[in-house]
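First up is the structure itself, then whatever we jot down about it.
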Amino acid sequence: MSTLLEVSGVSVSFDGFRAINNLTFQIGPAEMRAVIGPNGAGKTTFMDIVTGKTRPDKGRVLWGEKSQSLLKMSESQIAQAGIGRKFQRPTVFEDQTVAENLMLALKKARGPLSVLRFRAAKEDREKVGALAEEIGLAVALSRKAGELSHGQKQWLEIGMLLAQEPRLLLVDEPAAGMTPAEREHTTAILVEAARTRAVVVVEHDMEFVRRLDCRVTVLHEGSVLAEGSLDFVTSNERVIEVYLGR
Amino acid sequence: MSDIALSPGTRRPLVARYPALAVFMIVLALFTIGVTILSEGFGIGVISTSFVKTLGKTLCLCLVALAMDLVWGYCGILSLGHMAFFGIGGYAIGMWLMYARTEIIVTESLAAAPLPPTPQEISDGIAAQIFGVVGASEFPPIWAVAHSLPLQLLAAVLVPGLIALVFGWLAFRSRVTGVYLSILTQAMTLALALYLFQNDSGLRGNNGLSGLQNLPGLDHVAQSTVSLWFFWASALALALGYLLCTWIVSGKFGSVIRAIRDDEARVRFLGYPVEAYKLFVFTVTAVIAAIGGVLYYPQAGIVNPAEIAPIASIYLAVWVAIGGRGRLYGAVIGAALVSLLSTWFTGGQAPDIDLGFYTIRWVDWWTIALGLSFVAVTLFAPKGIGGLVDLVTERKSPQRHGADLGPDPGALREKEADE
C-alpha cells in the first residue's frame, strides 16, 4: 500500500519536556485512522508538527507520491499541498457570514493578486450552496458565523474543511458538544470522506471511535503505544494500564 | 456584505452592494461644489482662501485616514508610521517645487549678466539658494531628479512604496505582530524624522522645504485660484482613494484580510500566505498615504521633519479610532472632524472658559480633551462615530431565518409556523 503521509522518528521537546518522543506514523491515501490517548499524550502536538505549526527537533515528515519533506514548508504551503485541519475549539471567522467563511475555504488560488481579482462564479456559489446543504446551514448562509450555536460552528468548520478539498484531513475532537443525531451525521461525513482521502481523527469518545470502525493508533507519552483495530488495542494490557484502566 | 447567498448567479455593481459608496460620493461632490461656490476664487467669497486650504488639507488627511483604516481597521496591523509615508510624499513634491521656482529666480537674475550663464552656473546658483540656510552649496545625490516633475512624482510613490515593502517584508517575515509591530513602526518614523533633522541629510535639516504654496511659473495666478485647484485635486484623490479601498475590501480579498485581523493562524491553515497579504496591504496603503502628502504640502506651504514625528502617526490612529475603524466612511468622518476641531481649538478661535480660579485655554487643553475622548471612545464606543450608523441600519430586524422560533430545540420551526 502506498503512503500519503509518513512521519518517522520525530521528537520534539518544550523546555525539556518531551512532548513527542521518536514517533512514527503512516497513513495511506484513502484511509480512516483514529488517534486516541490520555491527556498530554502528544495528540495535538502531532497535528501541530504535521501542519507546520511546530518544528520537530529531529525526524522526518514526508508527504505525497514525491515524498516531499513538510519540514521546510510554511503552514500555508502545507495547507495548499492538501492538508486540512479542524481544531478542537471551533475556529470560524465570527465577523463574517457563513457563505463568506465557506468561500474563504473553497479550493481556489490563494495568492493576494489572484484573490484580488477573484469574483465568485456560478459554480463556486453552487458549491458553497451544496456544502451548506450538507452541513445543514443552507438557510443560515447570510448569517454571521458568530451568531451560530456551538454545534453549528462545529458544522461550519467541518464544511470549511471539506471545501478545501484536502487529501488529508486532521480532525481534532469533531463530535465535542454535539447531540447524538449530529454525531451520527458527523460520522457519516467522515466515513464518506475517507473513501477518497486520508482522515485522521483525534477523539476521546470511545463510542464515537467504535462507530468510525477503523484502525486505531494509541499515543502515550509522545510515542505510539499500540496500533490496530479498536478491539485489538483495547485488549492490549499496556493500553488498559495507561489509558482505559483508570 | 456578501452577495453569495443573496443573489445567486448575478453580481450586482459595487455601488449597489455598498450604499455607503454612493452616499459618500454624493456628499463629497456636493461639498466640493458648495465650497467652490462659496470660495473667493470662483464664487461669492464667503469662505476665505486660507480656509479653502484648510478644507483641502483636511481632504488629504481623510485620504491617509482611509489608508490607515485599510491597514488597521481591516487588516489588523496597527501601523504607527503611516504619516512617515505621508511626509515623504510631501518632501518629494516639495523638492520639485523648490527646485523649479528657484531655477526661475536664478535664471532671471543671471540673465542680466554680460555673458549668458552656463548650465553649471545656473545649477550652482540654485543649490546656493536652496542650501545656503544649512551652509551647503551643492546638490546632494537625492536631488538628482528634482528638476523633473514626472520623475519626482514617480519618486513620491516609489520611495514610500519601496520603504514600506522592505520594512514590511522584514517585519512580517519574522512574524512580528501586535504591539511589537506598532513599536517597530514608531521606531521607523522616529528614525526617519531624526535623520531629516540633520543638516547634512540633504533636505535642509529642520528648516524643511518651504514656499511650496507658490507654483513655479504661475506667480500671476492668485492663491485664491491655486487653493481651489488643490482643493479639487484633493477631492478627486479622496474619491478615487475611496473607490479603490471599497474595491479592495469588497469581495474575497476583503474577506481574507478581515479574517487575518481576527485569526491570523487560522487563515494560514486555510492555505493563505498571510505575510504576502499583509505586505500587500501595508505597501498599497503607504503609497496612498504618500499621494495624500503630495497634495497636502503644497497647500500647507511647508514640510519639515516635525511633520514626520511619531506623534503624527499616533494622531492618525486616534482619528480612525474615533471615526470608527473597519468602515471606510468612519475613517473619513474621524479624520475630518478631529482635524478640523483641532484646527479650531489650537488656532485660538475657541473661546476660553473662565472658571474664576482657573481659565481653560483650549490651545493647551485641546490635546488633553482629545486624549480623553480617545479613551472614552475606546472604552464606551469601540465602533466610534461610525457606529451611530448601525443604530439606524440595525433597526431593520436581523436575519434570523432558519433559527428555532422558540428557545427549545423542539420549538415550532419557521417552516411549520408558515404552514
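Residue numbering restarts at 1 for every chain of the C-alpha cells, chains are lettered A, B, ... in their displayed order, and ligands are numbered from 1 as they appear.
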
Worksheet item: If you count only C-alpha atoms, which residues fall within 6 Å of Phe86 in chain B, apart from same-chain ones fewer than 6 positions away, as a list in words?
Response: Ala289, Ala290 and Gly293 of chain B

Using only C-alpha atoms, what table do you get, as JSON lines, when you list each residue of range 151-206 of chain A with an atom no more than 10 Å from range 40-53 of chain A, its nearest pair of atoms, and their distance in Å rounded to one decimal, rows by chain then rising number?
```
{"residue": "A:Leu170", "atom": "CA", "partner": "A:Met47", "partner_atom": "CA", "distance": 7.1}
{"residue": "A:Val171", "atom": "CA", "partner": "A:Met47", "partner_atom": "CA", "distance": 9.0}
{"residue": "A:Asp172", "atom": "CA", "partner": "A:Thr44", "partner_atom": "CA", "distance": 7.8}
{"residue": "A:Val200", "atom": "CA", "partner": "A:Met47", "partner_atom": "CA", "distance": 9.4}
{"residue": "A:Val201", "atom": "CA", "partner": "A:Lys43", "partner_atom": "CA", "distance": 10.0}
{"residue": "A:Val202", "atom": "CA", "partner": "A:Lys43", "partner_atom": "CA", "distance": 7.0}
{"residue": "A:Glu203", "atom": "CA", "partner": "A:Lys43", "partner_atom": "CA", "distance": 9.4}
```

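For Leu71 in chain A, the residues within 12 Å (counting only C-alpha atoms, excluding itself and residues fewer than 4 positions away along the chain) are Val7, Val10, Asp48, Ile49, Val50, Thr51, Gly52, Lys53, Thr54, Arg55, Pro56, Asp57, Lys58, Gly59, Arg60, Val61, Leu62, Trp63, Ser67, Glu75, Gln77 and Ile78 of chain A.
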
Worksheet item: Looking at only C-alpha atoms, which of B:Ile308, B:Ile183, B:Leu270, B:Val145 is the one that sits closest to chain A?
Response: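 Using only C-alpha atoms, chain A sits closest to B:Leu270.
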
Fill in: Shortest interatomic distance to Ala265 in chain B - which of B:Thr177, B:Trp232, B:Asp390, B:Ala376, counting only C-alpha atoms
B:Thr177

Mind running chain A against chain B at 9 Å and telling me each contacting residue's nearest atom pair with the distance in Å (one decimal), counting only C-alpha atoms, chain and number ascending, as JSON lines?
```
{"residue": "A:Thr51", "atom": "CA", "partner": "B:Phe269", "partner_atom": "CA", "distance": 7.6}
{"residue": "A:Lys53", "atom": "CA", "partner": "B:Ala265", "partner_atom": "CA", "distance": 9.0}
{"residue": "A:Ser74", "atom": "CA", "partner": "B:Pro273", "partner_atom": "CA", "distance": 8.6}
{"residue": "A:Glu75", "atom": "CA", "partner": "B:Arg268", "partner_atom": "CA", "distance": 5.8}
{"residue": "A:Ser76", "atom": "CA", "partner": "B:Gly271", "partner_atom": "CA", "distance": 3.9}
{"residue": "A:Gln77", "atom": "CA", "partner": "B:Gly271", "partner_atom": "CA", "distance": 6.2}
{"residue": "A:Ile78", "atom": "CA", "partner": "B:Gly271", "partner_atom": "CA", "distance": 7.2}
{"residue": "A:Ala79", "atom": "CA", "partner": "B:Gly271", "partner_atom": "CA", "distance": 4.5}
{"residue": "A:Gln80", "atom": "CA", "partner": "B:Gly271", "partner_atom": "CA", "distance": 4.9}
{"residue": "A:Ala81", "atom": "CA", "partner": "B:Gly271", "partner_atom": "CA", "distance": 8.4}
{"residue": "A:Gly82", "atom": "CA", "partner": "B:Gly271", "partner_atom": "CA", "distance": 8.9}
{"residue": "A:Ile83", "atom": "CA", "partner": "B:Phe269", "partner_atom": "CA", "distance": 8.5}
{"residue": "A:Gly84", "atom": "CA", "partner": "B:Phe269", "partner_atom": "CA", "distance": 7.1}
{"residue": "A:Arg85", "atom": "CA", "partner": "B:Phe269", "partner_atom": "CA", "distance": 7.0}
{"residue": "A:Thr91", "atom": "CA", "partner": "B:Arg266", "partner_atom": "CA", "distance": 7.3}
{"residue": "A:Val92", "atom": "CA", "partner": "B:Arg266", "partner_atom": "CA", "distance": 8.3}
{"residue": "A:Phe93", "atom": "CA", "partner": "B:Ala259", "partner_atom": "CA", "distance": 6.2}
{"residue": "A:Glu94", "atom": "CA", "partner": "B:Asp262", "partner_atom": "CA", "distance": 8.4}
{"residue": "A:Asp95", "atom": "CA", "partner": "B:Asp262", "partner_atom": "CA", "distance": 8.2}
{"residue": "A:Gln96", "atom": "CA", "partner": "B:Ser255", "partner_atom": "CA", "distance": 7.6}
{"residue": "A:Thr97", "atom": "CA", "partner": "B:Ser2", "partner_atom": "CA", "distance": 7.3}
{"residue": "A:Ala99", "atom": "CA", "partner": "B:Ile4", "partner_atom": "CA", "distance": 6.5}
{"residue": "A:Glu100", "atom": "CA", "partner": "B:Ser2", "partner_atom": "CA", "distance": 6.5}
{"residue": "A:Asn101", "atom": "CA", "partner": "B:Ser255", "partner_atom": "CA", "distance": 8.4}
{"residue": "A:Met103", "atom": "CA", "partner": "B:Lys252", "partner_atom": "CA", "distance": 7.8}
{"residue": "A:Leu104", "atom": "CA", "partner": "B:Val256", "partner_atom": "CA", "distance": 7.0}
{"residue": "A:Ala105", "atom": "CA", "partner": "B:Leu270", "partner_atom": "CA", "distance": 6.2}
{"residue": "A:Ala109", "atom": "CA", "partner": "B:Tyr272", "partner_atom": "CA", "distance": 9.0}
{"residue": "A:Arg110", "atom": "CA", "partner": "B:Tyr272", "partner_atom": "CA", "distance": 5.3}
{"residue": "A:Gly111", "atom": "CA", "partner": "B:Pro273", "partner_atom": "CA", "distance": 6.9}
{"residue": "A:Pro112", "atom": "CA", "partner": "B:Tyr277", "partner_atom": "CA", "distance": 5.7}
{"residue": "A:Leu113", "atom": "CA", "partner": "B:Phe253", "partner_atom": "CA", "distance": 8.8}
{"residue": "A:Val115", "atom": "CA", "partner": "B:Phe253", "partner_atom": "CA", "distance": 5.6}
{"residue": "A:Leu116", "atom": "CA", "partner": "B:Phe253", "partner_atom": "CA", "distance": 5.2}
{"residue": "A:Arg117", "atom": "CA", "partner": "B:Phe253", "partner_atom": "CA", "distance": 8.3}
{"residue": "A:Phe118", "atom": "CA", "partner": "B:Lys252", "partner_atom": "CA", "distance": 6.8}
{"residue": "A:Arg119", "atom": "CA", "partner": "B:Gly251", "partner_atom": "CA", "distance": 7.1}
{"residue": "A:Ala120", "atom": "CA", "partner": "B:Ile4", "partner_atom": "CA", "distance": 7.7}
{"residue": "A:Ala121", "atom": "CA", "partner": "B:Gly9", "partner_atom": "CA", "distance": 7.6}
{"residue": "A:Lys122", "atom": "CA", "partner": "B:Gly9", "partner_atom": "CA", "distance": 5.3}
{"residue": "A:Glu123", "atom": "CA", "partner": "B:Gly9", "partner_atom": "CA", "distance": 8.8}
{"residue": "A:Arg125", "atom": "CA", "partner": "B:Ile4", "partner_atom": "CA", "distance": 6.2}
{"residue": "A:Glu126", "atom": "CA", "partner": "B:Pro8", "partner_atom": "CA", "distance": 8.1}
{"residue": "A:Val128", "atom": "CA", "partner": "B:Ile4", "partner_atom": "CA", "distance": 8.6}
{"residue": "A:Gly129", "atom": "CA", "partner": "B:Ala5", "partner_atom": "CA", "distance": 8.0}
{"residue": "A:Leu137", "atom": "CA", "partner": "B:Gly402", "partner_atom": "CA", "distance": 8.4}
{"residue": "A:Ala138", "atom": "CA", "partner": "B:Gly402", "partner_atom": "CA", "distance": 8.6}
{"residue": "A:Val139", "atom": "CA", "partner": "B:Gly402", "partner_atom": "CA", "distance": 5.4}
{"residue": "A:Ala140", "atom": "CA", "partner": "B:Gly402", "partner_atom": "CA", "distance": 6.3}
{"residue": "A:Leu141", "atom": "CA", "partner": "B:Ala5", "partner_atom": "CA", "distance": 5.9}
{"residue": "A:Ser142", "atom": "CA", "partner": "B:Ala5", "partner_atom": "CA", "distance": 5.9}
{"residue": "A:Arg143", "atom": "CA", "partner": "B:Gln399", "partner_atom": "CA", "distance": 6.5}
{"residue": "A:Met160", "atom": "CA", "partner": "B:Leu270", "partner_atom": "CA", "distance": 8.8}
{"residue": "A:Leu161", "atom": "CA", "partner": "B:Leu270", "partner_atom": "CA", "distance": 8.5}
{"residue": "A:Gln164", "atom": "CA", "partner": "B:Leu270", "partner_atom": "CA", "distance": 7.4}
```

Worksheet entry | For range 24-37 of chain B: contacts at 10 Å, only C-alpha atoms, fewer than 5 positions along chain excluded, given as a PyMOL selection string | chain B and resi 19+42-47+51-52+55-56+59+228+231-232+234-236+238-240+242-243+328-329+332

Could you write those residues out with N, CA, C and O atoms, as a compact mmCIF listing (two decimals), in the first residue's frame?
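Output contents, as saved in result25.txt:
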```txt
# COMPACT_ATOMS: atom_id res chain seq x y z
N PRO B 19 -23.95 50.75 -0.32
CA PRO B 19 -24.69 52.01 -0.41
C PRO B 19 -23.85 53.18 0.11
O PRO B 19 -23.99 54.31 -0.34
N PHE B 42 -13.62 81.45 -7.08
CA PHE B 42 -14.58 81.21 -8.15
C PHE B 42 -16.01 81.52 -7.75
O PHE B 42 -16.93 81.32 -8.52
N GLY B 43 -16.20 81.96 -6.52
CA GLY B 43 -17.58 82.12 -6.07
C GLY B 43 -17.82 83.46 -5.39
O GLY B 43 -17.23 84.48 -5.74
N ILE B 44 -18.68 83.42 -4.39
CA ILE B 44 -19.15 84.66 -3.80
C ILE B 44 -18.27 85.14 -2.65
O ILE B 44 -18.51 86.19 -2.08
N GLY B 45 -17.26 84.35 -2.30
CA GLY B 45 -16.25 84.85 -1.36
C GLY B 45 -16.62 84.78 0.10
O GLY B 45 -16.14 85.57 0.90
N VAL B 46 -17.49 83.85 0.47
CA VAL B 46 -17.83 83.70 1.88
C VAL B 46 -16.70 82.97 2.62
O VAL B 46 -16.40 83.27 3.77
N ILE B 47 -16.09 82.01 1.93
CA ILE B 47 -15.03 81.22 2.55
C ILE B 47 -13.68 81.80 2.13
O ILE B 47 -13.41 81.98 0.95
N PHE B 51 -9.11 79.27 4.48
CA PHE B 51 -9.99 78.20 4.93
C PHE B 51 -10.19 77.15 3.83
O PHE B 51 -10.32 75.96 4.12
N VAL B 52 -10.20 77.60 2.57
CA VAL B 52 -10.25 76.63 1.47
C VAL B 52 -9.05 75.70 1.56
O VAL B 52 -9.16 74.48 1.40
N LEU B 55 -9.59 73.24 4.28
CA LEU B 55 -10.51 72.17 3.87
C LEU B 55 -9.81 71.20 2.91
O LEU B 55 -9.99 69.98 2.99
N GLY B 56 -9.02 71.76 1.99
CA GLY B 56 -8.28 70.91 1.05
C GLY B 56 -7.32 69.99 1.79
O GLY B 56 -7.23 68.79 1.49
N LEU B 59 -9.13 67.16 3.37
CA LEU B 59 -9.46 66.06 2.44
C LEU B 59 -8.26 65.12 2.29
O LEU B 59 -8.42 63.90 2.21
N LEU B 228 -8.05 76.54 -4.88
CA LEU B 228 -9.16 75.72 -5.35
C LEU B 228 -8.69 74.58 -6.24
O LEU B 228 -9.25 73.49 -6.21
N PHE B 231 -7.70 72.07 -3.92
CA PHE B 231 -8.89 71.55 -3.24
C PHE B 231 -9.59 70.52 -4.13
O PHE B 231 -9.94 69.42 -3.68
N TRP B 232 -9.74 70.88 -5.41
CA TRP B 232 -10.39 69.93 -6.34
C TRP B 232 -9.58 68.66 -6.48
O TRP B 232 -10.11 67.55 -6.48
N SER B 234 -7.55 67.39 -4.38
CA SER B 234 -7.65 66.60 -3.15
C SER B 234 -8.97 65.84 -3.10
O SER B 234 -9.02 64.67 -2.71
N ALA B 235 -10.04 66.53 -3.51
CA ALA B 235 -11.36 65.88 -3.51
C ALA B 235 -11.37 64.71 -4.48
O ALA B 235 -11.88 63.62 -4.17
N LEU B 236 -10.75 64.92 -5.64
CA LEU B 236 -10.69 63.85 -6.64
C LEU B 236 -9.88 62.67 -6.10
O LEU B 236 -10.29 61.50 -6.22
N LEU B 238 -9.38 61.87 -3.02
CA LEU B 238 -10.14 61.19 -1.96
C LEU B 238 -11.21 60.29 -2.57
O LEU B 238 -11.41 59.16 -2.13
N ALA B 239 -11.88 60.80 -3.61
CA ALA B 239 -12.92 59.99 -4.25
C ALA B 239 -12.32 58.73 -4.85
O ALA B 239 -12.84 57.62 -4.66
N LEU B 240 -11.20 58.89 -5.57
CA LEU B 240 -10.57 57.71 -6.17
C LEU B 240 -10.05 56.76 -5.10
O LEU B 240 -10.17 55.54 -5.22
N TYR B 242 -11.25 56.38 -2.13
CA TYR B 242 -12.39 55.70 -1.51
C TYR B 242 -12.87 54.55 -2.39
O TYR B 242 -13.17 53.46 -1.93
N LEU B 243 -12.89 54.84 -3.70
CA LEU B 243 -13.32 53.82 -4.66
C LEU B 243 -12.36 52.63 -4.62
O LEU B 243 -12.78 51.47 -4.55
N LEU B 328 -15.02 52.37 6.02
CA LEU B 328 -14.22 53.40 5.36
C LEU B 328 -14.74 54.80 5.68
O LEU B 328 -13.96 55.72 5.93
N TYR B 329 -16.07 54.95 5.70
CA TYR B 329 -16.58 56.30 5.95
C TYR B 329 -16.26 56.75 7.37
O TYR B 329 -16.10 57.94 7.64
N VAL B 332 -13.01 58.52 7.38
CA VAL B 332 -13.12 59.86 6.80
C VAL B 332 -13.78 60.82 7.79
O VAL B 332 -13.31 61.94 8.00
```

Discussion item. To test your reading of the structure, identify every residue in range 2-243 of chain A that backbone DSSP assigns to strand (DSSP E or B), and report it as a VMD selection string.
Written reply: chain A and resid 5 to 14 17 to 27 32 to 36 58 to 63 68 to 69 83 to 86 97 144 168 to 172 198 to 202 215 to 220 223 to 228

Worksheet item: Interatomic distance between CA of Ala100 in chain B and CA of Ala128 in chain B?
Response: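 Atom-to-atom, CA of Ala100 in chain B and CA of Ala128 in chain B are spaced 14.0 Å apart.
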
Item to complete: Fewer than 3 positions away in the same chain doesn't count, so skip those; otherwise give me all residues within 7 Å of range 227-230 of chain A, counting only C-alpha atoms, as an MDAnalysis selection string.
Response: chainID A and resid 210 214:218 233:234

Preceding selection exported with N, CA, C and O atoms as a PDB file, in the first residue's frame:
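Output file part.pdb follows:
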```pdb
ATOM      1  N   ARG A 210     -15.588   3.810  17.979  1.00  0.00           N
ATOM      2  CA  ARG A 210     -16.113   2.490  17.567  1.00  0.00           C
ATOM      3  C   ARG A 210     -16.970   2.622  16.320  1.00  0.00           C
ATOM      4  O   ARG A 210     -16.904   1.798  15.411  1.00  0.00           O
ATOM      5  N   CYS A 214     -12.439   1.815  12.355  1.00  0.00           N
ATOM      6  CA  CYS A 214     -11.197   1.935  11.588  1.00  0.00           C
ATOM      7  C   CYS A 214     -10.020   1.533  12.459  1.00  0.00           C
ATOM      8  O   CYS A 214     -10.177   1.185  13.623  1.00  0.00           O
ATOM      9  N   ARG A 215      -8.827   1.573  11.873  1.00  0.00           N
ATOM     10  CA  ARG A 215      -7.609   1.314  12.657  1.00  0.00           C
ATOM     11  C   ARG A 215      -7.439   2.414  13.694  1.00  0.00           C
ATOM     12  O   ARG A 215      -7.766   3.571  13.457  1.00  0.00           O
ATOM     13  N   VAL A 216      -6.894   2.027  14.822  1.00  0.00           N
ATOM     14  CA  VAL A 216      -6.723   2.968  15.919  1.00  0.00           C
ATOM     15  C   VAL A 216      -5.251   3.015  16.314  1.00  0.00           C
ATOM     16  O   VAL A 216      -4.591   1.981  16.382  1.00  0.00           O
ATOM     17  N   THR A 217      -4.742   4.227  16.500  1.00  0.00           N
ATOM     18  CA  THR A 217      -3.382   4.391  16.994  1.00  0.00           C
ATOM     19  C   THR A 217      -3.465   4.969  18.400  1.00  0.00           C
ATOM     20  O   THR A 217      -4.132   5.977  18.607  1.00  0.00           O
ATOM     21  N   VAL A 218      -2.827   4.314  19.338  1.00  0.00           N
ATOM     22  CA  VAL A 218      -2.854   4.811  20.708  1.00  0.00           C
ATOM     23  C   VAL A 218      -1.529   5.515  20.994  1.00  0.00           C
ATOM     24  O   VAL A 218      -0.462   4.925  20.838  1.00  0.00           O
ATOM     25  N   VAL A 233      -6.558  -3.059  20.225  1.00  0.00           N
ATOM     26  CA  VAL A 233      -5.830  -2.180  21.132  1.00  0.00           C
ATOM     27  C   VAL A 233      -6.464  -2.141  22.519  1.00  0.00           C
ATOM     28  O   VAL A 233      -5.759  -2.014  23.512  1.00  0.00           O
ATOM     29  N   THR A 234      -7.776  -2.276  22.575  1.00  0.00           N
ATOM     30  CA  THR A 234      -8.396  -2.196  23.908  1.00  0.00           C
ATOM     31  C   THR A 234      -8.138  -3.467  24.714  1.00  0.00           C
ATOM     32  O   THR A 234      -8.335  -3.479  25.927  1.00  0.00           O
TER      33      THR A 234
END
```

Discussion item. Please compute the CA of Pro216 in chain B-CA of Leu149 in chain B distance, one decimal, in Å.
Written reply: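 Taking CA of Pro216 in chain B and CA of Leu149 in chain B, their separation equals 11.0 Å.
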
Item to complete: Take CA of Glu6 in chain A and CA of Gln26 in chain A and report the distance between them in Å, one decimal.
Response: 4.6 Å

Worksheet item: With only C-alpha atoms as the atoms that count, which of B:Val377, B:Leu78, B:Val23, B:Ala65 lies nearest to Gly178 in chain B?
Response: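 Checking each candidate against Gly178 in chain B, we get B:Leu78 as the closest.
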
Polymer residues at most 8 Å from range 185-198 of chain A, only C-alpha atoms, same-chain spacing of 3 or more positions, as a compact mmCIF listing (two decimals) with N, CA, C and O atoms, in the first residue's frame:
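Ended up saving to out.txt:
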```
# COMPACT_ATOMS: atom_id res chain seq x y z
N LEU A 4 0.57 8.14 2.07
CA LEU A 4 0.35 9.55 1.78
C LEU A 4 1.20 10.40 2.72
O LEU A 4 1.89 11.32 2.30
N ILE A 27 0.06 6.86 7.05
CA ILE A 27 -1.33 6.71 6.63
C ILE A 27 -1.41 6.71 5.11
O ILE A 27 -0.62 7.39 4.43
N GLY A 28 -2.32 5.89 4.59
CA GLY A 28 -2.46 5.77 3.14
C GLY A 28 -3.38 6.82 2.57
O GLY A 28 -4.00 7.58 3.30
N PRO A 29 -3.48 6.89 1.24
CA PRO A 29 -4.24 7.96 0.58
C PRO A 29 -5.75 7.90 0.80
O PRO A 29 -6.42 8.91 0.66
N ALA A 30 -6.29 6.72 1.10
CA ALA A 30 -7.74 6.66 1.35
C ALA A 30 -7.95 5.80 2.58
O ALA A 30 -8.26 4.62 2.47
N GLU A 31 -7.74 6.38 3.72
CA GLU A 31 -7.79 5.59 4.94
C GLU A 31 -8.32 6.43 6.09
O GLU A 31 -8.08 7.62 6.15
N MET A 32 -9.04 5.77 6.97
CA MET A 32 -9.51 6.45 8.18
C MET A 32 -8.68 5.96 9.34
O MET A 32 -8.38 4.77 9.46
N ARG A 33 -8.26 6.86 10.20
CA ARG A 33 -7.47 6.46 11.36
C ARG A 33 -7.91 7.27 12.56
O ARG A 33 -8.12 8.49 12.46
N PRO A 166 -9.04 18.80 0.88
CA PRO A 166 -7.70 18.33 1.23
C PRO A 166 -7.55 16.84 0.92
O PRO A 166 -8.54 16.11 0.81
N ARG A 167 -6.30 16.40 0.80
CA ARG A 167 -6.06 14.97 0.62
C ARG A 167 -5.94 14.29 1.97
O ARG A 167 -6.09 13.08 2.08
N LEU A 168 -5.61 15.10 2.99
CA LEU A 168 -5.53 14.56 4.34
C LEU A 168 -6.30 15.49 5.28
O LEU A 168 -6.06 16.69 5.28
N LEU A 169 -7.24 14.93 6.01
CA LEU A 169 -7.99 15.73 6.97
C LEU A 169 -7.51 15.38 8.38
O LEU A 169 -7.50 14.20 8.76
N PRO A 174 -14.06 16.04 16.66
CA PRO A 174 -15.12 16.62 15.84
C PRO A 174 -16.49 16.57 16.52
O PRO A 174 -17.34 17.40 16.24
N ALA A 175 -16.68 15.63 17.42
CA ALA A 175 -18.03 15.43 17.93
C ALA A 175 -18.27 16.15 19.24
O ALA A 175 -19.34 16.05 19.81
N ALA A 181 -27.67 12.74 17.38
CA ALA A 181 -28.02 12.73 15.96
C ALA A 181 -26.94 13.41 15.14
O ALA A 181 -26.55 12.96 14.05
N GLU A 182 -26.42 14.50 15.70
CA GLU A 182 -25.36 15.23 14.99
C GLU A 182 -24.09 14.39 14.90
O GLU A 182 -23.38 14.40 13.90
N PHE A 208 -17.69 6.96 19.85
CA PHE A 208 -17.55 7.59 18.54
C PHE A 208 -16.50 6.86 17.71
O PHE A 208 -16.70 6.57 16.54
N ARG A 211 -17.74 3.70 16.26
CA ARG A 211 -18.62 3.87 15.10
C ARG A 211 -17.83 4.17 13.82
O ARG A 211 -18.29 3.90 12.73
N LEU A 212 -16.65 4.77 13.99
CA LEU A 212 -15.83 5.05 12.81
C LEU A 212 -15.32 3.75 12.19
O LEU A 212 -15.02 3.70 11.00
```

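The residues of range 137-194 of chain A that DSSP assigns to alpha helix (DSSP H) on this backbone come out as His150, Gly151, Gln152, Lys153, Gln154, Trp155, Leu156, Glu157, Ile158, Gly159, Met160, Leu161, Leu162, Ala163, Pro180, Ala181, Glu182, Arg183, Glu184, His185, Thr186, Thr187, Ala188, Ile189, Leu190, Val191, Glu192 and Ala193 of chain A.
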